[in-house]
$ cat model-v2.cif   # mmCIF, C-alpha atoms
data_query
loop_
_atom_site.group_PDB
_atom_site.id
_atom_site.type_symbol
_atom_site.label_atom_id
_atom_site.label_comp_id
_atom_site.auth_asym_id
_atom_site.auth_seq_id
_atom_site.Cartn_x
_atom_site.Cartn_y
_atom_site.Cartn_z
ATOM 1 C CA MET A 1 -2.575 -17.566 -51.117
ATOM 2 C CA GLY A 2 -2.664 -19.354 -47.730
ATOM 3 C CA SER A 3 -5.825 -20.213 -45.911
ATOM 4 C CA GLY A 4 -6.799 -16.706 -44.826
ATOM 5 C CA THR A 5 -10.274 -15.197 -44.928
ATOM 6 C CA ASN A 6 -12.044 -14.734 -48.279
ATOM 7 C CA ILE A 7 -11.404 -10.989 -48.354
ATOM 8 C CA GLY A 8 -7.788 -11.657 -47.371
ATOM 9 C CA LYS A 9 -7.435 -14.047 -50.325
ATOM 10 C CA VAL A 10 -8.929 -11.455 -52.649
ATOM 11 C CA ARG A 11 -6.476 -8.833 -51.482
ATOM 12 C CA GLY A 12 -3.634 -11.292 -51.707
ATOM 13 C CA HIS A 13 -3.070 -11.231 -47.964
ATOM 14 C CA GLY A 14 -3.481 -14.272 -45.796
ATOM 15 C CA SER A 15 -2.671 -14.418 -42.123
ATOM 16 C CA ALA A 16 0.674 -12.755 -41.416
ATOM 17 C CA GLN A 17 1.540 -15.865 -39.335
ATOM 18 C CA HIS A 18 2.716 -13.565 -36.551
ATOM 19 C CA GLY A 19 -0.459 -13.660 -34.463
ATOM 20 C CA ALA A 20 0.985 -15.647 -31.570
ATOM 21 C CA HIS A 21 4.325 -13.835 -31.422
ATOM 22 C CA HIS A 22 3.260 -11.065 -29.015
ATOM 23 C CA TRP A 23 1.568 -13.583 -26.730
ATOM 24 C CA ILE A 24 4.555 -15.942 -26.676
ATOM 25 C CA VAL A 25 7.149 -13.204 -26.073
ATOM 26 C CA GLN A 26 5.027 -11.907 -23.190
ATOM 27 C CA ARG A 27 5.237 -15.384 -21.611
ATOM 28 C CA VAL A 28 8.969 -15.768 -22.345
ATOM 29 C CA THR A 29 9.763 -12.415 -20.709
ATOM 30 C CA ALA A 30 7.412 -13.324 -17.823
ATOM 31 C CA VAL A 31 9.546 -16.392 -17.104
ATOM 32 C CA GLY A 32 12.659 -14.209 -17.377
ATOM 33 C CA ASN A 33 11.180 -11.701 -14.921
ATOM 34 C CA LEU A 34 10.216 -14.470 -12.526
ATOM 35 C CA ALA A 35 13.740 -15.881 -12.382
ATOM 36 C CA LEU A 36 15.658 -12.580 -12.445
ATOM 37 C CA ILE A 37 13.485 -10.617 -9.979
ATOM 38 C CA ALA A 38 13.554 -13.578 -7.580
ATOM 39 C CA TRP A 39 17.362 -13.461 -7.902
ATOM 40 C CA LEU A 40 17.403 -9.684 -7.263
ATOM 41 C CA ILE A 41 15.233 -9.899 -4.123
ATOM 42 C CA ILE A 42 17.255 -12.766 -2.638
ATOM 43 C CA SER A 43 20.556 -11.123 -3.562
ATOM 44 C CA LEU A 44 19.473 -7.799 -1.997
ATOM 45 C CA LEU A 45 18.194 -9.445 1.189
ATOM 46 C CA ARG A 46 21.515 -11.255 1.617
ATOM 47 C CA LEU A 47 23.440 -7.959 1.698
ATOM 48 C CA PRO A 48 24.472 -6.926 5.234
ATOM 49 C CA THR A 49 23.785 -3.179 4.710
ATOM 50 C CA TYR A 50 22.762 -0.846 1.893
ATOM 51 C CA GLU A 51 25.627 1.668 2.106
ATOM 52 C CA HIS A 52 26.647 3.207 -1.225
ATOM 53 C CA GLU A 53 30.163 1.805 -1.141
ATOM 54 C CA LEU A 54 28.909 -1.706 -0.475
ATOM 55 C CA LEU A 55 26.375 -1.492 -3.307
ATOM 56 C CA ILE A 56 29.127 -0.353 -5.715
ATOM 57 C CA GLY A 57 31.175 -3.422 -4.817
ATOM 58 C CA TRP A 58 28.114 -5.662 -5.153
ATOM 59 C CA LEU A 59 26.988 -4.196 -8.492
ATOM 60 C CA SER A 60 30.465 -4.317 -10.059
ATOM 61 C CA SER A 61 30.614 -8.098 -9.734
ATOM 62 C CA PRO A 62 29.919 -9.729 -13.129
ATOM 63 C CA LEU A 63 27.567 -12.188 -11.412
ATOM 64 C CA VAL A 64 25.438 -9.236 -10.306
ATOM 65 C CA ALA A 65 25.914 -6.811 -13.226
ATOM 66 C CA VAL A 66 25.021 -9.372 -15.912
ATOM 67 C CA PRO A 67 21.759 -10.675 -14.366
ATOM 68 C CA MET A 68 20.857 -7.065 -13.536
ATOM 69 C CA MET A 69 21.232 -6.051 -17.199
ATOM 70 C CA LEU A 70 19.306 -9.117 -18.369
ATOM 71 C CA MET A 71 16.598 -8.310 -15.814
ATOM 72 C CA LEU A 72 16.287 -4.756 -17.193
ATOM 73 C CA VAL A 73 15.879 -6.106 -20.733
ATOM 74 C CA SER A 74 13.298 -8.668 -19.617
ATOM 75 C CA ILE A 75 11.333 -6.193 -17.466
ATOM 76 C CA PHE A 76 11.221 -3.393 -20.036
ATOM 77 C CA TRP A 77 10.370 -5.771 -22.882
ATOM 78 C CA HIS A 78 7.566 -7.307 -20.805
ATOM 79 C CA LEU A 79 6.149 -3.943 -19.735
ATOM 80 C CA ARG A 80 6.296 -2.674 -23.319
ATOM 81 C CA LEU A 81 4.120 -5.605 -24.430
ATOM 82 C CA GLY A 82 1.750 -5.194 -21.473
ATOM 83 C CA LEU A 83 1.279 -1.447 -21.861
ATOM 84 C CA GLN A 84 0.769 -1.939 -25.617
ATOM 85 C CA VAL A 85 -2.264 -4.122 -24.844
ATOM 86 C CA LEU A 86 -3.530 -1.521 -22.380
ATOM 87 C CA ILE A 87 -3.243 1.217 -25.022
ATOM 88 C CA GLU A 88 -4.888 -0.936 -27.690
ATOM 89 C CA ASP A 89 -7.788 -1.659 -25.324
ATOM 90 C CA TYR A 90 -8.491 1.899 -24.199
ATOM 91 C CA VAL A 91 -7.393 4.214 -27.051
ATOM 92 C CA PRO A 92 -9.825 3.722 -29.944
ATOM 93 C CA ASP A 93 -8.466 6.523 -32.180
ATOM 94 C CA HIS A 94 -5.906 5.073 -34.589
ATOM 95 C CA GLY A 95 -3.726 8.158 -34.860
ATOM 96 C CA LEU A 96 -3.575 8.769 -31.109
ATOM 97 C CA LYS A 97 -2.927 5.071 -30.497
ATOM 98 C CA PHE A 98 -0.036 5.131 -32.979
ATOM 99 C CA GLY A 99 1.456 8.193 -31.251
ATOM 100 C CA ILE A 100 1.149 6.760 -27.745
ATOM 101 C CA ILE A 101 2.742 3.473 -28.834
ATOM 102 C CA ILE A 102 5.687 5.476 -30.230
ATOM 103 C CA LEU A 103 6.033 7.178 -26.805
ATOM 104 C CA LEU A 104 5.783 3.742 -25.171
ATOM 105 C CA ASN A 105 8.663 2.481 -27.318
ATOM 106 C CA PHE A 106 10.768 5.494 -26.320
ATOM 107 C CA PHE A 107 9.934 4.915 -22.653
ATOM 108 C CA ALA A 108 10.696 1.180 -22.768
ATOM 109 C CA ILE A 109 13.919 1.366 -24.783
ATOM 110 C CA GLY A 110 15.090 4.553 -23.052
ATOM 111 C CA GLY A 111 14.407 3.182 -19.567
ATOM 112 C CA ALA A 112 16.209 -0.081 -20.266
ATOM 113 C CA ALA A 113 19.159 1.769 -21.867
ATOM 114 C CA LEU A 114 19.533 4.141 -18.906
ATOM 115 C CA GLY A 115 19.421 1.272 -16.415
ATOM 116 C CA ILE A 116 21.888 -0.849 -18.385
ATOM 117 C CA PHE A 117 24.267 2.091 -18.821
ATOM 118 C CA ALA A 118 24.158 2.819 -15.072
ATOM 119 C CA VAL A 119 25.004 -0.807 -14.266
ATOM 120 C CA ALA A 120 27.760 -0.846 -16.902
ATOM 121 C CA LYS A 121 29.268 2.354 -15.528
ATOM 122 C CA VAL A 122 29.447 0.904 -12.021
ATOM 123 C CA ALA A 123 30.733 -2.426 -13.334
ATOM 124 C CA PHE A 124 33.482 -0.882 -15.480
ATOM 125 C CA THR A 125 34.583 1.986 -13.244
ATOM 126 C CA GLY A 126 34.081 0.294 -9.864
ATOM 127 C CA VAL A 127 34.894 2.936 -7.278
ATOM 128 C CA VAL A 128 33.272 6.332 -7.687
ATOM 129 C CA ALA A 129 35.687 9.074 -8.702
ATOM 130 C CA MET B 1 -47.794 -5.675 -44.132
ATOM 131 C CA HIS B 2 -47.573 -9.419 -44.451
ATOM 132 C CA PRO B 3 -49.999 -10.623 -47.176
ATOM 133 C CA GLU B 4 -51.668 -13.135 -44.867
ATOM 134 C CA ILE B 5 -52.272 -10.503 -42.204
ATOM 135 C CA GLY B 6 -53.576 -8.114 -44.883
ATOM 136 C CA HIS B 7 -55.997 -10.767 -46.083
ATOM 137 C CA ALA B 8 -57.174 -11.498 -42.544
ATOM 138 C CA ALA B 9 -57.484 -7.761 -41.820
ATOM 139 C CA GLN B 10 -59.832 -7.340 -44.779
ATOM 140 C CA LYS B 11 -62.074 -9.989 -43.295
ATOM 141 C CA ASN B 12 -61.914 -8.768 -39.713
ATOM 142 C CA PRO B 13 -61.676 -5.027 -38.827
ATOM 143 C CA ALA B 14 -60.432 -5.881 -35.350
ATOM 144 C CA ILE B 15 -57.241 -7.331 -36.837
ATOM 145 C CA LEU B 16 -56.810 -4.234 -39.004
ATOM 146 C CA PHE B 17 -57.069 -2.061 -35.900
ATOM 147 C CA ALA B 18 -54.516 -4.218 -34.069
ATOM 148 C CA CYS B 19 -52.129 -3.964 -37.031
ATOM 149 C CA ARG B 20 -52.440 -0.183 -37.152
ATOM 150 C CA HIS B 21 -51.749 -0.032 -33.435
ATOM 151 C CA VAL B 22 -48.554 -2.068 -33.833
ATOM 152 C CA PHE B 23 -47.494 0.079 -36.796
ATOM 153 C CA ALA B 24 -47.993 3.300 -34.812
ATOM 154 C CA LYS B 25 -45.877 1.914 -31.960
ATOM 155 C CA ALA B 26 -43.129 0.934 -34.402
ATOM 156 C CA LEU B 27 -43.191 4.478 -35.834
ATOM 157 C CA VAL B 28 -42.691 5.949 -32.348
ATOM 158 C CA ARG B 29 -39.744 3.607 -31.867
ATOM 159 C CA LEU B 30 -38.234 4.658 -35.192
ATOM 160 C CA GLN B 31 -38.517 8.328 -34.231
ATOM 161 C CA ARG B 32 -36.420 7.630 -31.144
ATOM 162 C CA LEU B 33 -33.568 6.450 -33.345
ATOM 163 C CA GLN B 34 -30.918 9.109 -33.652
ATOM 164 C CA PRO B 35 -27.873 9.313 -35.882
ATOM 165 C CA CYS B 36 -24.692 8.472 -33.990
ATOM 166 C CA ALA B 37 -21.647 10.747 -34.268
ATOM 167 C CA GLY B 38 -19.043 7.980 -34.195
ATOM 168 C CA SER B 39 -19.741 5.770 -37.163
ATOM 169 C CA LEU B 40 -17.812 2.602 -37.837
ATOM 170 C CA ILE B 41 -17.610 3.187 -41.551
ATOM 171 C CA ARG B 42 -16.358 6.583 -42.688
ATOM 172 C CA GLY B 43 -18.863 8.638 -44.665
ATOM 173 C CA GLN B 44 -21.843 6.573 -43.529
ATOM 174 C CA LYS B 45 -24.242 7.617 -40.828
ATOM 175 C CA LEU B 46 -24.736 4.878 -38.298
ATOM 176 C CA VAL B 47 -28.210 4.873 -36.768
ATOM 177 C CA LYS B 48 -28.053 3.992 -33.103
ATOM 178 C CA PRO B 49 -31.079 3.645 -30.842
ATOM 179 C CA THR B 50 -30.923 5.649 -27.633
ATOM 180 C CA ASN B 51 -32.850 3.413 -25.281
ATOM 181 C CA ARG B 52 -31.665 -0.064 -26.186
ATOM 182 C CA PRO B 53 -29.919 -2.234 -23.593
ATOM 183 C CA LEU B 54 -26.112 -1.880 -23.630
ATOM 184 C CA SER B 55 -23.739 -4.811 -23.569
ATOM 185 C CA PRO B 56 -22.992 -5.765 -19.973
ATOM 186 C CA HIS B 57 -20.153 -3.923 -18.280
ATOM 187 C CA LEU B 58 -18.616 -3.816 -14.793
ATOM 188 C CA GLY B 59 -21.708 -2.512 -12.996
ATOM 189 C CA ILE B 60 -23.939 -5.428 -13.958
ATOM 190 C CA TYR B 61 -21.809 -8.335 -12.737
ATOM 191 C CA LYS B 62 -21.810 -9.878 -9.289
ATOM 192 C CA TRP B 63 -18.263 -9.575 -7.977
ATOM 193 C CA GLY B 64 -16.230 -12.748 -7.812
ATOM 194 C CA PRO B 65 -12.599 -13.617 -7.086
ATOM 195 C CA ALA B 66 -11.752 -14.353 -10.753
ATOM 196 C CA MET B 67 -12.959 -10.881 -11.739
ATOM 197 C CA LEU B 68 -10.993 -9.261 -8.915
ATOM 198 C CA VAL B 69 -7.739 -11.066 -9.725
ATOM 199 C CA SER B 70 -8.078 -10.238 -13.427
ATOM 200 C CA ILE B 71 -8.542 -6.524 -12.723
ATOM 201 C CA LEU B 72 -5.729 -6.571 -10.167
ATOM 202 C CA HIS B 73 -3.420 -8.240 -12.699
ATOM 203 C CA ARG B 74 -3.807 -5.350 -15.109
ATOM 204 C CA ALA B 75 -3.771 -2.652 -12.411
ATOM 205 C CA THR B 76 -0.649 -3.988 -10.676
ATOM 206 C CA GLY B 77 1.075 -4.588 -14.022
ATOM 207 C CA ASP B 78 0.446 -0.993 -15.059
ATOM 208 C CA ALA B 79 1.577 0.320 -11.658
ATOM 209 C CA LEU B 80 4.792 -1.686 -11.858
ATOM 210 C CA ALA B 81 5.403 -0.556 -15.448
ATOM 211 C CA LEU B 82 4.695 3.137 -14.911
ATOM 212 C CA LEU B 83 6.040 3.597 -11.372
ATOM 213 C CA GLY B 84 8.030 0.522 -10.286
ATOM 214 C CA ALA B 85 10.310 0.259 -13.320
ATOM 215 C CA PRO B 86 11.243 3.988 -13.320
ATOM 216 C CA ILE B 87 12.053 3.747 -9.584
ATOM 217 C CA LEU B 88 14.237 0.690 -10.260
ATOM 218 C CA VAL B 89 16.139 2.598 -12.961
ATOM 219 C CA TRP B 90 16.371 5.679 -10.728
ATOM 220 C CA TRP B 91 17.859 3.480 -7.970
ATOM 221 C CA LEU B 92 20.496 2.067 -10.354
ATOM 222 C CA TYR B 93 21.193 5.525 -11.811
ATOM 223 C CA SER B 94 21.614 7.018 -8.322
ATOM 224 C CA ILE B 95 24.132 4.316 -7.382
ATOM 225 C CA SER B 96 26.123 5.007 -10.567
ATOM 226 C CA ALA B 97 25.943 8.808 -10.132
ATOM 227 C CA GLY B 98 27.684 8.852 -6.769
ATOM 228 C CA PRO B 99 27.062 8.900 -2.992
ATOM 229 C CA GLU B 100 25.169 12.242 -2.947
ATOM 230 C CA SER B 101 22.802 11.054 -5.651
ATOM 231 C CA TYR B 102 22.268 7.759 -3.806
ATOM 232 C CA GLU B 103 21.623 9.605 -0.533
ATOM 233 C CA PHE B 104 19.070 11.796 -2.306
ATOM 234 C CA PHE B 105 17.319 8.634 -3.558
ATOM 235 C CA THR B 106 17.319 6.861 -0.179
ATOM 236 C CA GLY B 107 16.294 10.121 1.519
ATOM 237 C CA ILE B 108 13.147 10.331 -0.589
ATOM 238 C CA MET B 109 12.333 6.622 -0.470
ATOM 239 C CA THR B 110 12.575 6.476 3.335
ATOM 240 C CA THR B 111 9.991 9.190 3.940
ATOM 241 C CA ILE B 112 6.438 8.065 4.812
ATOM 242 C CA PRO B 113 5.192 8.475 1.177
ATOM 243 C CA GLY B 114 8.369 6.697 0.032
ATOM 244 C CA PHE B 115 7.618 3.704 2.252
ATOM 245 C CA ILE B 116 3.992 3.670 1.072
ATOM 246 C CA VAL B 117 5.237 3.523 -2.539
ATOM 247 C CA MET B 118 7.827 0.822 -1.777
ATOM 248 C CA ILE B 119 5.353 -1.355 0.160
ATOM 249 C CA GLY B 120 2.729 -0.750 -2.533
ATOM 250 C CA MET B 121 5.177 -1.786 -5.236
ATOM 251 C CA THR B 122 6.084 -4.902 -3.223
ATOM 252 C CA PHE B 123 2.412 -5.887 -3.046
ATOM 253 C CA ALA B 124 1.979 -5.115 -6.770
ATOM 254 C CA LEU B 125 4.996 -7.285 -7.585
ATOM 255 C CA PHE B 126 3.753 -10.281 -5.563
ATOM 256 C CA GLU B 127 0.171 -9.874 -6.796
ATOM 257 C CA HIS B 128 1.266 -9.646 -10.441
ATOM 258 C CA THR B 129 3.727 -12.538 -10.036
ATOM 259 C CA TYR B 130 1.252 -14.934 -8.382
ATOM 260 C CA SER B 131 -1.473 -13.884 -10.790
ATOM 261 C CA GLY B 132 0.999 -14.472 -13.637
ATOM 262 C CA LEU B 133 1.723 -17.973 -12.315
ATOM 263 C CA ARG B 134 -2.052 -18.559 -12.306
ATOM 264 C CA HIS B 135 -2.085 -17.442 -15.956
ATOM 265 C CA PHE B 136 0.579 -20.031 -16.806
ATOM 266 C CA VAL B 137 -1.678 -22.754 -15.350
ATOM 267 C CA LEU B 138 -4.688 -21.399 -17.260
ATOM 268 C CA ASP B 139 -2.587 -21.172 -20.456
ATOM 269 C CA ALA B 140 -1.902 -24.890 -20.096
ATOM 270 C CA GLY B 141 -5.662 -25.452 -20.144
ATOM 271 C CA ALA B 142 -5.943 -26.363 -16.453
ATOM 272 C CA GLY B 143 -7.742 -24.776 -13.521
ATOM 273 C CA TYR B 144 -11.012 -23.838 -15.204
ATOM 274 C CA GLU B 145 -13.258 -25.952 -12.933
ATOM 275 C CA LEU B 146 -15.485 -23.516 -11.038
ATOM 276 C CA GLN B 147 -14.347 -24.388 -7.520
ATOM 277 C CA THR B 148 -10.659 -24.680 -8.456
ATOM 278 C CA ASN B 149 -10.729 -21.401 -10.347
ATOM 279 C CA LYS B 150 -12.485 -19.635 -7.475
ATOM 280 C CA LEU B 151 -10.067 -21.053 -4.912
ATOM 281 C CA TRP B 152 -6.880 -19.947 -6.702
ATOM 282 C CA SER B 153 -8.349 -16.577 -7.682
ATOM 283 C CA ALA B 154 -9.080 -15.897 -4.017
ATOM 284 C CA ALA B 155 -5.702 -17.314 -2.924
ATOM 285 C CA VAL B 156 -3.637 -14.992 -5.162
ATOM 286 C CA PRO B 157 -4.353 -11.663 -3.365
ATOM 287 C CA VAL B 158 -4.180 -13.350 0.055
ATOM 288 C CA LEU B 159 -0.787 -14.894 -0.730
ATOM 289 C CA ALA B 160 0.408 -11.562 -2.143
ATOM 290 C CA LEU B 161 -0.599 -9.733 1.056
ATOM 291 C CA LEU B 162 1.071 -12.379 3.241
ATOM 292 C CA SER B 163 4.258 -12.287 1.127
ATOM 293 C CA THR B 164 4.373 -8.478 1.296
ATOM 294 C CA ALA B 165 3.932 -8.556 5.070
ATOM 295 C CA ALA B 166 6.568 -11.292 5.465
ATOM 296 C CA LEU B 167 9.124 -9.472 3.285
ATOM 297 C CA TRP B 168 8.690 -6.148 5.065
ATOM 298 C CA PHE B 169 8.759 -7.865 8.455
ATOM 299 C CA PHE B 170 12.094 -9.399 7.417
ATOM 300 C CA ILE B 171 13.445 -6.056 6.142
ATOM 301 C CA SER B 172 12.392 -4.116 9.261
ATOM 302 C CA SER B 173 13.769 -6.752 11.625
ATOM 303 C CA LYS B 174 17.021 -6.687 9.661
ATOM 304 C CA LEU B 175 17.332 -2.895 9.657
ATOM 305 C CA ILE B 176 16.270 -2.413 13.285
ATOM 306 C CA GLY B 177 17.607 -5.597 14.893
#
$ encode --input "model-v2.cif" --output "structure tokens"
Amino acid sequence: MGSGTNIGKVRGHGSAQHGAHHWIVQRVTAVGNLALIAWLIISLLRLPTYEHELLIGWLSSPLVAVPMMLMLVSIFWHLRLGLQVLIEDYVPDHGLKFGIIILLNFFAIGGAALGIFAVAKVAFTGVVA
Amino acid sequence: MHPEIGHAAQKNPAILFACRHVFAKALVRLQRLQPCAGSLIRGQKLVKPTNRPLSPHLGIYKWGPAMLVSILHRATGDALALLGAPILVWWLYSISAGPESYEFFTGIMTTIPGFIVMIGMTFALFEHTYSGLRHFVLDAGAGYELQTNKLWSAAVPVLALLSTAALWFFISSKLIG
């Protein structure tokens, strides 16, 4: 029975030992965002123009497509954690909170998947048919 | 009634009168108590007084830079999450979907509201980033001295505004010049 609270010991539950996980992952993804968004801004500013054809060539390079995909993962993971805290702070009803967090998961995973697929499509097909 | 007060009240009618007065006031206070609809424990009525002081909230505090930067951190984070990230994905999607789709995207983003959103998102990004860097310092246990904390809290929005202006000055000079 770990060193949990008295009632936790009675119920046979101590601390889940996961308390810091959310906090740490938020920091890890923050560092990821910092590096990858800085890369994106610098990389975009170095482009001569923003014509579609030029962007296709730029995005199909592995050295652009891979950091772009990693950036999408980092951003959507980070925003999922941040919006979860927002929901937990302002939605007191447990059922509604549960439902909104499900929608948040759909939004975060769906958004990242759509972005990654778009990058992959450009990277693998190159020129637009 | 406390036994000692009761004993004293028997000796001195003035004390008895004072005690009755206090009791009557307490009764009036009790009558003001009303059952509260939202109880913490299911099935139990929680009695909540109607005219007791509430815990302090936004309206009671004197505004300071630390408070501003904390609120801005959440507000800009939410704006980036709910508006910035979908625009980023829309941009990538439009590139992958072909030239017409990309032109539709750039057409909307280069209208006046489009520029307001893009410049707003740029400010939100810098504000959230610099504020996040401040959080890293605070996480390490540093920067809590009053003057230091005030200085960096005030510096974050100023630096974010300057960075936004510098970036958009660079972009406009590049696109026009």
$ residues_around --input "model-v2.cif" --residues "His52 in chain A" --least-positions-apart "6" --cutoff "10 Å" --atoms "all atoms listed in the file" --output "compact mmCIF listing (two decimals) with C-alpha atoms, in the coordinates of the input"
# COMPACT_ATOMS: atom_id res chain seq x y z
CA TRP A 58 28.11 -5.66 -5.15
CA VAL A 128 33.27 6.33 -7.69
CA SER B 94 21.61 7.02 -8.32
CA ILE B 95 24.13 4.32 -7.38
CA SER B 96 26.12 5.01 -10.57
CA GLY B 98 27.68 8.85 -6.77
CA PRO B 99 27.06 8.90 -2.99
CA GLU B 100 25.17 12.24 -2.95
CA SER B 101 22.80 11.05 -5.65
CA TYR B 102 22.27 7.76 -3.81
CA GLU B 103 21.62 9.60 -0.53
$ interface_residues --input "model-v2.cif" --of "chain A" --to "chain B" --cutoff "8 Å" --atoms "only C-alpha atoms" --output "VMD selection string"
chain A and resid 30 34 45 52 to 53 55 to 56 75 to 76 79 82 to 83 111 to 112 114 to 115 118 to 119 121 to 122 128
$ atom_distance --input "model-v2.cif" --atom1 "CA of Asn33 in chain A" --atom2 "CA of Phe124 in chain A"
24.8 Å
$ axis_aligned_box --input "model-v2.cif" --around "range 26-44 of chain A" --padding-each-side "5 Å" --output "lines of an AutoDock Vina configuration file"
center_x = 12.8
center_y = -12.1
center_z = -12.6
size_x = 25.5
size_y = 18.6
size_z = 31.2
$ resolve_selection --input "model-v2.cif" --expression "the PyMOL selection byres ((chain A and resi 67-71) around 8)" --output "VMD selection string"
chain A and resid 32 to 33 36 to 37 40 63 to 66 72 to 75 115 to 116 119
$ closest_residue --input "model-v2.cif" --among "A:Pro62, A:Arg46, A:Gln84, A:Ile109" --to "Lys97 in chain A" --atoms "all atoms listed in the file"
A:Gln84
$ closest_residue --input "model-v2.cif" --among "A:Ile7, A:Ile102, A:Leu81, A:Leu96" --to "His22 in chain A" --atoms "all atoms listed in the file"
A:Leu81
$ atom_distance --input "model-v2.cif" --atom1 "CA of Val158 in chain B" --atom2 "CA of Met121 in chain B"
15.8 Å
$ residues_around --input "model-v2.cif" --residues "range 66-72 of chain B" --least-positions-apart "5" --cutoff "8 Å" --atoms "all atoms listed in the file" --output "PDB file with C-alpha atoms, in the coordinates of the input"
ATOM      1  CA  GLU B 127       0.171  -9.874  -6.796  1.00  0.00           C
ATOM      2  CA  HIS B 128       1.266  -9.646 -10.441  1.00  0.00           C
ATOM      3  CA  SER B 131      -1.473 -13.884 -10.790  1.00  0.00           C
ATOM      4  CA  ASN B 149     -10.729 -21.401 -10.347  1.00  0.00           C
ATOM      5  CA  LYS B 150     -12.485 -19.635  -7.475  1.00  0.00           C
ATOM      6  CA  SER B 153      -8.349 -16.577  -7.682  1.00  0.00           C
ATOM      7  CA  ALA B 154      -9.080 -15.897  -4.017  1.00  0.00           C
ATOM      8  CA  VAL B 156      -3.637 -14.992  -5.162  1.00  0.00           C
ATOM      9  CA  PRO B 157      -4.353 -11.663  -3.365  1.00  0.00           C
TER      10      PRO B 157
END
$ residues_around --input "model-v2.cif" --residues "Phe126 in chain B" --least-positions-apart "6" --cutoff "10 Å" --atoms "only C-alpha atoms" --output "PyMOL selection string"
chain B and resi 76+132+156-157+159-164
$ atom_distance --input "model-v2.cif" --atom1 "CA of Glu145 in chain B" --atom2 "CA of Pro56 in chain B"
23.5 Å
$ decode --input "model-v2.cif" --residues "range 95-112 of chain B" --atoms "C-alpha atoms" --output "PDB file, in the first residue's frame"
ATOM      1  CA  ILE B  95      -0.980  23.109 -50.694  1.00  0.00           C
ATOM      2  CA  SER B  96      -1.577  19.349 -50.996  1.00  0.00           C
ATOM      3  CA  ALA B  97      -5.002  19.790 -52.650  1.00  0.00           C
ATOM      4  CA  GLY B  98      -3.700  21.741 -55.624  1.00  0.00           C
ATOM      5  CA  PRO B  99      -3.161  25.283 -56.970  1.00  0.00           C
ATOM      6  CA  GLU B 100      -6.866  26.292 -56.923  1.00  0.00           C
ATOM      7  CA  SER B 101      -7.212  25.238 -53.305  1.00  0.00           C
ATOM      8  CA  TYR B 102      -4.014  27.110 -52.402  1.00  0.00           C
ATOM      9  CA  GLU B 103      -5.224  30.223 -54.239  1.00  0.00           C
ATOM     10  CA  PHE B 104      -8.508  30.037 -52.331  1.00  0.00           C
ATOM     11  CA  PHE B 105      -6.530  29.909 -49.060  1.00  0.00           C
ATOM     12  CA  THR B 106      -4.197  32.798 -49.938  1.00  0.00           C
ATOM     13  CA  GLY B 107      -7.163  34.760 -51.319  1.00  0.00           C
ATOM     14  CA  ILE B 108      -8.932  34.613 -47.966  1.00  0.00           C
ATOM     15  CA  MET B 109      -5.827  35.165 -45.847  1.00  0.00           C
ATOM     16  CA  THR B 110      -4.795  38.279 -47.794  1.00  0.00           C
ATOM     17  CA  THR B 111      -8.058  40.131 -47.219  1.00  0.00           C
ATOM     18  CA  ILE B 112      -8.122  42.744 -44.422  1.00  0.00           C
TER      19      ILE B 112
END
